>>> print(open('coords-v7.pdb').read())   # PDB, C-alpha atoms
MODEL        1
ATOM      1  CA  MET A   1      22.497 -12.587 -30.947
ATOM      2  CA  ASP A   2      20.150 -15.454 -30.126
ATOM      3  CA  THR A   3      16.565 -14.241 -30.657
ATOM      4  CA  ALA A   4      15.567 -16.115 -27.488
ATOM      5  CA  THR A   5      17.162 -13.255 -25.572
ATOM      6  CA  GLN A   6      15.387 -10.478 -27.520
ATOM      7  CA  LEU A   7      13.388  -8.017 -25.428
ATOM      8  CA  TYR A   8       9.919  -6.713 -26.245
ATOM      9  CA  PHE A   9       8.413  -3.513 -24.877
ATOM     10  CA  ARG A  10       5.275  -1.403 -25.035
ATOM     11  CA  ALA A  11       5.797   2.355 -24.878
ATOM     12  CA  ILE A  12       3.624   5.404 -24.307
ATOM     13  CA  ILE A  13       5.154   8.652 -25.515
ATOM     14  CA  THR A  14       4.107  11.789 -23.638
ATOM     15  CA  LYS A  15       3.969  15.267 -25.146
ATOM     16  CA  SER A  16       6.412  16.876 -22.747
ATOM     17  CA  SER A  17       8.019  14.641 -20.147
ATOM     18  CA  GLY A  18       9.380  11.388 -21.485
ATOM     19  CA  VAL A  19       8.269   7.845 -22.178
ATOM     20  CA  LEU A  20       6.524   5.161 -20.158
ATOM     21  CA  ILE A  21       7.829   1.695 -20.989
ATOM     22  CA  ASN A  22       6.749  -1.820 -20.047
ATOM     23  CA  GLN A  23       8.372  -5.158 -20.830
ATOM     24  CA  VAL A  24       5.983  -7.760 -22.279
ATOM     25  CA  THR A  25       6.237 -11.516 -22.650
ATOM     26  CA  ARG A  26       6.326 -12.832 -26.193
ATOM     27  CA  GLY A  27       7.171 -16.388 -27.112
ATOM     28  CA  MET A  28       9.717 -18.254 -25.002
ATOM     29  CA  TYR A  29      12.313 -15.517 -24.595
ATOM     30  CA  LYS A  30      13.998 -14.997 -21.251
ATOM     31  CA  PRO A  31      12.709 -11.823 -19.489
ATOM     32  CA  GLU A  32      15.349  -9.298 -18.465
ATOM     33  CA  ASP A  33      15.422  -7.335 -15.216
ATOM     34  CA  ILE A  34      14.731  -3.835 -16.541
ATOM     35  CA  THR A  35      16.174  -2.208 -13.435
ATOM     36  CA  LYS A  36      19.572  -3.615 -14.448
ATOM     37  CA  CYS A  37      19.331  -2.331 -18.015
ATOM     38  CA  LEU A  38      20.612   0.959 -19.410
ATOM     39  CA  PHE A  39      18.542   2.824 -22.001
ATOM     40  CA  ASP A  40      20.993   4.894 -24.039
ATOM     41  CA  GLY A  41      23.285   4.736 -21.013
ATOM     42  CA  LYS A  42      20.654   5.786 -18.453
ATOM     43  CA  ALA A  43      18.882   3.635 -15.884
ATOM     44  CA  PRO A  44      15.049   3.678 -15.989
ATOM     45  CA  GLU A  45      13.028   5.139 -13.116
ATOM     46  CA  ARG A  46      10.192   3.214 -11.500
ATOM     47  CA  SER A  47       6.734   4.604 -12.111
ATOM     48  CA  TRP A  48       3.721   4.441  -9.777
ATOM     49  CA  GLU A  49       2.602   1.217 -11.455
ATOM     50  CA  GLU A  50       4.493  -2.039 -11.023
ATOM     51  CA  SER A  51       6.344  -3.178 -14.181
ATOM     52  CA  TRP A  52       6.124   0.281 -15.834
ATOM     53  CA  TYR A  53       9.190   2.533 -15.977
ATOM     54  CA  CYS A  54      10.029   6.077 -17.053
ATOM     55  CA  ILE A  55      12.782   6.927 -19.549
ATOM     56  CA  PRO A  56      13.586  10.262 -21.258
ATOM     57  CA  VAL A  57      13.120   9.182 -24.916
ATOM     58  CA  LEU A  58      12.673   6.064 -27.001
ATOM     59  CA  PRO A  59      16.073   4.340 -26.836
ATOM     60  CA  SER A  60      18.348   3.580 -29.737
ATOM     61  CA  LYS A  61      20.386   1.149 -27.626
ATOM     62  CA  ILE A  62      19.656  -1.023 -24.594
ATOM     63  CA  THR A  63      22.495  -2.633 -22.681
ATOM     64  CA  HIS A  64      23.071  -4.558 -19.487
ATOM     65  CA  MET A  65      26.109  -5.528 -17.493
ATOM     66  CA  VAL A  66      27.295  -9.115 -17.787
ATOM     67  CA  GLY A  67      29.169 -10.374 -14.756
ATOM     68  CA  GLN A  68      32.631 -11.854 -15.229
ATOM     69  CA  PRO A  69      34.164 -14.786 -13.322
ATOM     70  CA  ASP A  70      36.550 -14.125 -10.464
ATOM     71  CA  ILE A  71      40.269 -14.427 -11.139
ATOM     72  CA  ASN A  72      43.446 -15.117  -9.136
ATOM     73  CA  HIS A  73      41.932 -17.910  -7.064
ATOM     74  CA  ARG A  74      44.109 -18.798  -4.091
ATOM     75  CA  PHE A  75      44.155 -19.873  -0.474
ATOM     76  CA  ASP A  76      45.388 -17.280   2.032
ATOM     77  CA  LEU A  77      46.564 -18.035   5.548
ATOM     78  CA  ILE A  78      43.841 -17.100   8.054
ATOM     79  CA  ASP A  79      46.360 -16.097  10.730
ATOM     80  CA  PRO A  80      49.360 -14.376   9.063
ATOM     81  CA  SER A  81      51.456 -14.805  12.242
ATOM     82  CA  MET A  82      51.613 -18.561  11.560
ATOM     83  CA  GLU A  83      53.542 -18.076   8.314
ATOM     84  CA  SER A  84      56.685 -20.202   8.075
ATOM     85  CA  GLU A  85      58.716 -22.191   5.583
ATOM     86  CA  GLN A  86      56.288 -25.108   5.865
ATOM     87  CA  ILE A  87      53.187 -22.867   6.080
ATOM     88  CA  PRO A  88      53.368 -20.225   3.327
ATOM     89  CA  ALA A  89      51.159 -17.143   3.377
ATOM     90  CA  THR A  90      49.439 -18.090   0.104
ATOM     91  CA  PHE A  91      48.863 -21.159  -2.048
ATOM     92  CA  LYS A  92      47.704 -20.970  -5.653
ATOM     93  CA  ARG A  93      44.444 -22.891  -5.845
ATOM     94  CA  GLU A  94      45.613 -25.316  -8.521
ATOM     95  CA  GLU A  95      48.800 -25.981  -6.525
ATOM     96  CA  VAL A  96      47.052 -27.620  -3.577
ATOM     97  CA  ALA A  97      43.570 -28.578  -4.814
ATOM     98  CA  LYS A  98      41.586 -29.863  -7.755
ATOM     99  CA  GLU A  99      37.963 -29.401  -8.736
ATOM    100  CA  GLY A 100      35.950 -32.456  -7.713
ATOM    101  CA  HIS A 101      38.890 -34.135  -5.998
ATOM    102  CA  GLY A 102      37.554 -36.299  -3.147
ATOM    103  CA  THR A 103      34.456 -34.111  -2.721
ATOM    104  CA  GLU A 104      30.731 -34.824  -2.729
ATOM    105  CA  TYR A 105      30.053 -32.324  -5.493
ATOM    106  CA  SER A 106      31.981 -32.029  -8.767
ATOM    107  CA  TRP A 107      32.169 -28.233  -8.511
ATOM    108  CA  GLU A 108      33.894 -28.242  -5.112
ATOM    109  CA  TRP A 109      37.664 -27.956  -4.827
ATOM    110  CA  GLY A 110      39.249 -30.747  -2.802
ATOM    111  CA  TRP A 111      42.714 -30.529  -1.322
ATOM    112  CA  PHE A 112      45.399 -33.017  -2.296
ATOM    113  CA  ASP A 113      46.348 -35.518   0.391
ATOM    114  CA  LYS A 114      49.813 -33.953   0.627
ATOM    115  CA  TYR A 115      48.325 -30.690   1.897
ATOM    116  CA  LYS A 116      45.145 -31.831   3.653
ATOM    117  CA  HIS A 117      46.665 -31.347   7.090
ATOM    118  CA  LEU A 118      46.935 -27.601   6.341
ATOM    119  CA  TYR A 119      43.384 -27.193   5.025
ATOM    120  CA  SER A 120      41.881 -25.684   8.197
ATOM    121  CA  LEU A 121      44.537 -22.938   8.326
ATOM    122  CA  TYR A 122      43.519 -21.339   5.012
ATOM    123  CA  LYS A 123      40.583 -19.554   3.453
ATOM    124  CA  ALA A 124      39.614 -19.419  -0.216
ATOM    125  CA  VAL A 125      40.166 -15.972  -1.770
ATOM    126  CA  SER A 126      39.738 -14.556  -5.294
ATOM    127  CA  ASP A 127      39.609 -11.197  -7.081
ATOM    128  CA  SER A 128      36.447  -9.957  -8.779
ATOM    129  CA  GLN A 129      36.321  -8.393 -12.241
ATOM    130  CA  ASP A 130      34.223  -5.525 -13.505
ATOM    131  CA  GLY A 131      31.195  -6.521 -15.591
ATOM    132  CA  ILE A 132      31.112  -6.055 -19.352
ATOM    133  CA  GLU A 133      28.383  -3.890 -20.895
ATOM    134  CA  GLN A 134      26.529  -5.983 -23.459
ATOM    135  CA  GLU A 135      24.043  -4.694 -26.024
ATOM    136  CA  LEU A 136      20.615  -6.345 -26.182
ATOM    137  CA  GLU A 137      18.300  -6.821 -29.121
ATOM    138  CA  PHE A 138      14.881  -5.280 -28.586
ATOM    139  CA  ASP A 139      11.625  -4.333 -30.247
ATOM    140  CA  ILE A 140       9.327  -1.536 -29.041
ATOM    141  CA  GLU A 141       5.640  -1.215 -29.865
ATOM    142  CA  THR A 142       4.484   2.390 -29.479
ATOM    143  CA  LEU A 143       0.887   2.553 -28.238
ATOM    144  CA  ASP A 144      -1.401   5.003 -30.014
ATOM    145  CA  ILE A 145      -2.281   6.888 -26.824
ATOM    146  CA  GLU A 146      -1.659  10.580 -26.177
ATOM    147  CA  ILE A 147      -0.947  11.949 -22.716
ATOM    148  CA  ASP A 148       0.483  15.334 -21.778
ATOM    149  CA  ASN A 149       3.057  14.315 -19.193
ATOM    150  CA  ILE A 150       4.141  11.712 -16.683
ATOM    151  CA  LYS A 151       2.497  12.656 -13.406
ATOM    152  CA  THR A 152       2.385  10.378 -10.392
ATOM    153  CA  PRO A 153      -1.266  10.145  -9.277
ATOM    154  CA  LYS A 154      -2.237  10.778  -5.688
ATOM    155  CA  GLU A 155      -2.118   7.692  -3.528
ATOM    156  CA  ILE A 156      -5.401   5.948  -2.806
ATOM    157  CA  CYS A 157      -4.990   4.531   0.678
ATOM    158  CA  TYR A 158      -7.880   4.560   3.139
ATOM    159  CA  ARG A 159      -8.435   2.505   6.246
ATOM    160  CA  ALA A 160     -11.731   0.649   6.303
ATOM    161  CA  CYS A 161     -13.362  -1.674   8.785
ATOM    162  CA  ARG A 162     -16.006  -4.325   9.053
ATOM    163  CA  VAL A 163     -16.889  -5.233  12.619
ATOM    164  CA  GLY A 164     -19.844  -7.508  13.257
ATOM    165  CA  SER A 165     -21.110  -9.615  16.107
ATOM    166  CA  TRP A 166     -18.986 -12.610  15.164
ATOM    167  CA  SER A 167     -16.048 -11.225  13.232
ATOM    168  CA  SER A 168     -13.771  -8.217  12.935
ATOM    169  CA  GLU A 169     -11.846  -7.162   9.849
ATOM    170  CA  LYS A 170      -9.716  -4.116   9.121
ATOM    171  CA  TYR A 171      -8.405  -3.542   5.636
ATOM    172  CA  ILE A 172      -6.951  -0.864   3.384
ATOM    173  CA  VAL A 173      -8.672   0.364   0.221
ATOM    174  CA  THR A 174      -5.936   1.039  -2.376
ATOM    175  CA  LYS A 175      -5.811   1.773  -6.103
ATOM    176  CA  ASP A 176      -5.940  -1.952  -6.806
ATOM    177  CA  LYS A 177      -9.361  -2.222  -5.138
ATOM    178  CA  VAL A 178     -11.167   0.642  -6.869
ATOM    179  CA  GLN A 179     -13.341   0.101  -9.910
ATOM    180  CA  HIS A 180     -12.989   1.274 -13.515
ATOM    181  CA  GLN A 181     -15.218   1.057 -16.550
ATOM    182  CA  LEU A 182     -14.817  -2.266 -18.359
ATOM    183  CA  ILE A 183     -14.105  -0.526 -21.648
ATOM    184  CA  ASP A 184     -11.257   1.446 -20.035
ATOM    185  CA  THR A 185      -9.629  -1.723 -18.678
ATOM    186  CA  ILE A 186      -9.702  -3.105 -22.223
ATOM    187  CA  LEU A 187      -8.498  -0.031 -24.101
ATOM    188  CA  PHE A 188      -5.957   1.423 -21.660
ATOM    189  CA  PRO A 189      -2.912  -0.151 -19.963
ATOM    190  CA  LYS A 190      -3.012  -0.333 -16.190
ATOM    191  CA  VAL A 191      -0.541   2.541 -15.793
ATOM    192  CA  LEU A 192      -3.124   4.966 -17.275
ATOM    193  CA  LEU A 193      -6.237   3.802 -15.425
ATOM    194  CA  ALA A 194      -5.652   6.510 -12.793
ATOM    195  CA  THR A 195      -6.465   9.078 -15.488
ATOM    196  CA  ARG A 196      -9.804   7.431 -16.266
ATOM    197  CA  PRO A 197     -13.127   7.498 -14.341
ATOM    198  CA  THR A 198     -12.650   5.824 -10.979
ATOM    199  CA  LYS A 199     -15.149   4.771  -8.333
ATOM    200  CA  MET A 200     -15.649   2.825  -5.133
ATOM    201  CA  SER A 201     -18.565   0.601  -4.238
ATOM    202  CA  SER A 202     -21.152   1.595  -1.656
ATOM    203  CA  ARG A 203     -19.688  -1.124   0.590
ATOM    204  CA  GLN A 204     -16.170   0.298   0.397
ATOM    205  CA  THR A 205     -17.446   3.839   0.961
ATOM    206  CA  TYR A 206     -19.470   2.696   3.981
ATOM    207  CA  ASP A 207     -16.448   0.939   5.500
ATOM    208  CA  ILE A 208     -14.153   3.937   4.905
ATOM    209  CA  VAL A 209     -16.569   6.492   6.391
ATOM    210  CA  ARG A 210     -17.300   4.213   9.327
ATOM    211  CA  ALA A 211     -13.614   3.655  10.123
ATOM    212  CA  HIS A 212     -12.827   7.372   9.776
ATOM    213  CA  ILE A 213     -15.607   8.459  12.121
ATOM    214  CA  LYS A 214     -14.643   5.839  14.710
ATOM    215  CA  ASP A 215     -11.008   6.963  14.581
ATOM    216  CA  HIS A 216     -11.608  10.714  14.685
ATOM    217  CA  HIS A 217     -14.900  11.554  16.394
ATOM    218  CA  ASP A 218     -14.812  13.559  19.639
ATOM    219  CA  LYS A 219     -16.617  11.522  22.285
ATOM    220  CA  THR A 220     -17.475  14.675  24.220
ATOM    221  CA  THR A 221     -19.508  16.143  21.362
ATOM    222  CA  SER A 222     -20.846  13.039  19.593
ATOM    223  CA  LYS A 223     -21.755   9.437  20.241
ATOM    224  CA  ILE A 224     -21.907   6.406  17.945
ATOM    225  CA  VAL A 225     -25.203   4.726  18.805
ATOM    226  CA  ASP A 226     -25.370   2.119  15.983
ATOM    227  CA  ASP A 227     -22.193   0.457  14.764
ATOM    228  CA  TYR A 228     -22.897  -2.540  12.554
ATOM    229  CA  ASP A 229     -21.966  -3.807   9.103
ATOM    230  CA  PHE A 230     -25.505  -3.030   7.913
ATOM    231  CA  CYS A 231     -26.218   0.314   9.631
ATOM    232  CA  PHE A 232     -24.315   3.124  11.319
ATOM    233  CA  LYS A 233     -25.586   6.124  13.279
ATOM    234  CA  VAL A 234     -23.991   9.088  15.070
ATOM    235  CA  GLU A 235     -25.769  11.364  17.528
ATOM    236  CA  LYS A 236     -24.750  14.901  18.338
ATOM    237  CA  ARG A 237     -24.421  15.533  22.084
ATOM    238  CA  ILE A 238     -26.090  18.897  22.746
ATOM    239  CA  ALA A 239     -25.109  20.588  25.991
ATOM    240  CA  GLY A 240     -27.958  22.083  28.053
ATOM    241  CA  ASN A 241     -29.030  22.962  31.587
ATOM    242  CA  PRO A 242     -28.657  19.914  33.877
ATOM    243  CA  TYR A 243     -31.869  18.212  34.983
ATOM    244  CA  SER A 244     -32.648  15.086  36.967
ATOM    245  CA  VAL A 245     -34.380  11.965  35.686
ATOM    246  CA  VAL A 246     -36.043   9.653  38.190
ATOM    247  CA  THR A 247     -36.809   6.035  37.218
ATOM    248  CA  GLU A 248     -38.269   3.227  39.240
ATOM    249  CA  LYS A 249     -36.008   0.316  40.067
ATOM    250  CA  LEU A 250     -37.685  -3.030  39.301
ATOM    251  CA  THR A 251     -37.055  -6.622  40.379
ATOM    252  CA  ARG A 252     -35.493  -9.192  38.066
ATOM    253  CA  ALA A 253     -39.014 -10.263  37.170
ATOM    254  CA  GLY A 254     -39.778  -6.738  36.064
ATOM    255  CA  ARG A 255     -42.096  -5.958  38.962
ATOM    256  CA  SER A 256     -42.135  -3.147  41.504
ATOM    257  CA  TYR A 257     -40.719  -3.691  44.941
ATOM    258  CA  ARG A 258     -43.207  -3.784  47.844
ATOM    259  CA  LYS A 259     -41.690  -0.477  48.891
ATOM    260  CA  PRO A 260     -40.959   1.305  45.616
ATOM    261  CA  ARG A 261     -37.323   2.051  44.894
ATOM    262  CA  TYR A 262     -36.065   4.766  42.603
ATOM    263  CA  ASN A 263     -32.879   5.715  40.738
ATOM    264  CA  THR A 264     -31.991   9.324  40.106
ATOM    265  CA  ARG A 265     -29.537  10.412  37.425
ATOM    266  CA  TRP A 266     -28.517  13.821  36.189
ATOM    267  CA  VAL A 267     -28.530  14.668  32.498
ATOM    268  CA  ASN A 268     -26.594  17.625  31.106
ATOM    269  CA  SER A 269     -26.949  16.874  27.385
ATOM    270  CA  ARG A 270     -29.305  15.326  24.881
ATOM    271  CA  GLY A 271     -28.742  13.418  21.685
ATOM    272  CA  VAL A 272     -29.949  14.270  18.186
ATOM    273  CA  VAL A 273     -29.306  12.060  15.157
ATOM    274  CA  LEU A 274     -26.658  13.812  13.083
ATOM    275  CA  PHE A 275     -25.477  11.177  10.610
ATOM    276  CA  GLU A 276     -26.722   7.750   9.599
ATOM    277  CA  MET A 277     -26.108   5.386   6.709
ATOM    278  CA  THR A 278     -26.497   1.891   5.327
ATOM    279  CA  THR A 279     -25.198   0.244   2.162
ATOM    280  CA  LYS A 280     -26.844   0.063  -1.242
ATOM    281  CA  GLY A 281     -27.951  -3.372  -2.370
ATOM    282  CA  LYS A 282     -28.708  -4.460   1.201
ATOM    283  CA  PRO A 283     -30.292  -1.393   2.854
ATOM    284  CA  TRP A 284     -31.403  -1.617   6.468
ATOM    285  CA  GLN A 285     -34.824  -0.303   7.494
ATOM    286  CA  LYS A 286     -35.114   3.455   6.940
ATOM    287  CA  TYR A 287     -31.376   4.193   7.021
ATOM    288  CA  THR A 288     -30.037   6.188   4.057
ATOM    289  CA  PRO A 289     -28.019   4.122   1.544
ATOM    290  CA  ILE A 290     -24.654   5.798   1.002
ATOM    291  CA  GLU A 291     -23.513   6.324  -2.569
ATOM    292  CA  GLY A 292     -20.061   5.104  -3.578
ATOM    293  CA  PHE A 293     -17.386   7.740  -4.137
ATOM    294  CA  SER A 294     -16.765   8.372  -7.857
ATOM    295  CA  ALA A 295     -14.761  10.853  -9.937
ATOM    296  CA  ASP A 296     -13.294  11.399 -13.403
ATOM    297  CA  THR A 297      -9.746  10.559 -12.262
ATOM    298  CA  ALA A 298      -7.979   9.007  -9.297
ATOM    299  CA  ASP A 299      -6.679  12.441  -8.226
ATOM    300  CA  GLU A 300     -10.193  13.863  -8.182
ATOM    301  CA  LEU A 301     -11.418  10.812  -6.266
ATOM    302  CA  VAL A 302      -8.819  11.358  -3.534
ATOM    303  CA  GLU A 303      -9.691  15.064  -3.304
ATOM    304  CA  GLN A 304     -13.393  14.219  -3.104
ATOM    305  CA  ILE A 305     -12.924  11.653  -0.324
ATOM    306  CA  ASP A 306     -10.585  13.861   1.704
ATOM    307  CA  THR A 307     -12.932  16.847   1.431
ATOM    308  CA  TYR A 308     -15.989  14.796   2.360
ATOM    309  CA  LEU A 309     -14.342  13.228   5.409
ATOM    310  CA  ALA A 310     -12.900  16.566   6.606
ATOM    311  CA  GLU A 311     -16.233  18.383   6.302
ATOM    312  CA  LEU A 312     -18.127  15.508   7.916
ATOM    313  CA  MET A 313     -15.814  15.418  10.939
ATOM    314  CA  ALA A 314     -15.957  19.198  11.312
ATOM    315  CA  VAL A 315     -19.737  18.928  11.727
ATOM    316  CA  ILE A 316     -19.634  15.865  13.971
ATOM    317  CA  ASN A 317     -16.984  17.293  16.295
ATOM    318  CA  ALA A 318     -18.324  20.864  16.498
ATOM    319  CA  PRO A 319     -19.537  21.498  20.084
ATOM    320  CA  VAL A 320     -23.106  22.897  20.299
ATOM    321  CA  GLU A 321     -25.488  23.728  23.124
ATOM    322  CA  ASP A 322     -29.175  24.463  23.548
ATOM    323  CA  CYS A 323     -30.117  27.935  22.443
ATOM    324  CA  THR A 324     -30.411  30.201  25.479
ATOM    325  CA  HIS A 325     -33.025  32.375  23.735
ATOM    326  CA  CYS A 326     -35.556  29.718  22.730
ATOM    327  CA  GLY A 327     -35.052  27.240  25.560
ATOM    328  CA  GLY A 328     -33.696  24.392  23.508
ATOM    329  CA  THR A 329     -35.929  24.679  20.443
ATOM    330  CA  GLY A 330     -32.727  25.380  18.513
ATOM    331  CA  VAL A 331     -29.021  24.980  19.122
ATOM    332  CA  GLN A 332     -26.010  27.252  18.872
ATOM    333  CA  GLU A 333     -22.261  26.788  18.755
ATOM    334  CA  GLN A 334     -20.696  26.520  22.182
ATOM    335  CA  THR A 335     -18.600  29.482  23.242
ATOM    336  CA  THR A 336     -15.561  29.095  25.457
ATOM    337  CA  SER A 337     -14.232  31.761  27.737
ATOM    338  CA  GLU A 338     -10.529  32.452  27.299
TER
ENDMDL
END
>>> encode(input="coords-v7.pdb", output="structure tokens")
Amino acid sequence: MDTATQLYFRAIITKSSGVLINQVTRGMYKPEDITKCLFDGKAPERSWEESWYCIPVLPSKITHMVGQPDINHRFDLIDPSMESEQIPATFKREEVAKEGHGTEYSWEWGWFDKYKHLYSLYKAVSDSQDGIEQELEFDIETLDIEIDNIKTPKEICYRACRVGSWSSEKYIVTKDKVQHQLIDTILFPKVLLATRPTKMSSRQTYDIVRAHIKDHHDKTTSKIVDDYDFCFKVEKRIAGNPYSVVTEKLTRAGRSYRKPRYNTRWVNSRGVVLFEMTTKGKPWQKYTPIEGFSADTADELVEQIDTYLAELMAVINAPVEDCTHCGGTGVQEQTTSE
């Protein structure tokens, strides 16, 4: 076989659940579509990482199906009811046409002048053949890496947002946007990076937390008072005994009217800062810089983020009211009568 068609692979052998395999480019050989190959008669399964596939064991033979040309080319009558002595049901292709005859392209079949008047009554038909399984030459480099089994990591997919005064951007933080140690990206193939320490930047963490709070906070128990790319703040709405607040109404110049005018509004809750954050690197005033999420593996990172967001929202959305015993010095969980 021509070595230009030889396939080259990298493989990672697991202790208990098969082999991860990846086709690599070497020289000027023509890459093969792995999904159309058979490894010892079995098709590979896609892994969680693009271009990496799962197979049971290192193969002794790799094959692919080679398509065969159609046979029995002919022209069949479009409307069978028109069949007659002068208009047969079928013409053999070579009987009425020739490749390149009177056509713009050499590969087209042109009808002979004797039969051209019948051309529009027929359609080209042929029979397909089954493909032939052909063996491929290949070389596999086994990487000196030990892993226990092939386990699909949990999906990293979190909505994030950046909304400023002049622009608005929503994006998704995925596994391709998280960070890994430089040494890991050098020593380990991409398919195994999910098993290595993984982290997000303070900016990504800020955008994820911000988007999650905006999407899930209960407006009856909390209020977002600062919502910027550089700082974010949430207040807890604490229910209490209603009281009135009287304020003087001023003119546009900020002065009192000759006869003073007043506005009265009723307040049945007060706000207390519950959560605030800014980003590291570019902190804003006295806001707390939020640390980026980080964990030993991608699975642990997902668990950490999900737990953090769930616990944060439970606190933000929990209804509370002024303590009836100390007159608002403390707060207590709201009770509902059933």
>>> closest_residue(input="coords-v7.pdb", among="A:Gly41, A:Pro59, A:Pro283, A:Gly100", to="A:Asp139", atoms="only C-alpha atoms")
A:Pro59
>>> closest_residue(input="coords-v7.pdb", among="A:Ile316, A:Leu38, A:Ala43, A:Ile140", to="A:Leu7", atoms="all atoms listed in the file")
A:Ile140
>>> resolve_selection(input="coords-v7.pdb", expression="the PyMOL selection byres ((chain A and resi 118-121) around 7)", output="list in words")
Leu77, Ile78, Tyr115, Lys116, His117 and Tyr122 of chain A
>>> atom_distance(input="coords-v7.pdb", atom1="atom CA of A:Cys231", atom2="atom CA of A:Thr288")
9.0 Å
>>> resolve_selection(input="coords-v7.pdb", expression="the PyMOL selection byres ((chain A and resi 52) around 7)", output="PyMOL selection string")
chain A and resi 20-22+46-47+49-51+53
>>> resolve_selection(input="coords-v7.pdb", expression="the PyMOL selection byres ((chain A and resi 16) around 10)", output="list in words")
Ile13, Thr14, Lys15, Ser17, Gly18, Val19, Pro56, Ile147, Asp148, Asn149 and Ile150 of chain A
>>> atom_distance(input="coords-v7.pdb", atom1="atom CA of A:Lys219", atom2="atom CA of A:Glu311")
17.4 Å
>>> closest_residue(input="coords-v7.pdb", among="A:Val57, A:Ala298, A:Ile172, A:Val273", to="A:Ala160", atoms="all atoms listed in the file")
A:Ile172
>>> atom_distance(input="coords-v7.pdb", atom1="atom CA of A:Val246", atom2="atom CA of A:Arg270")
16.0 Å
>>> residues_around(input="coords-v7.pdb", residues="A:Glu235", least_positions_apart="6", cutoff="6 Å", atoms="only C-alpha atoms", output="PyMOL selection string")
chain A and resi 222-223+271-274
>>> closest_residue(input="coords-v7.pdb", among="A:Gln179, A:Thr198, A:Ser81, A:Ser128", to="A:Asp296", atoms="all atoms listed in the file")
A:Thr198
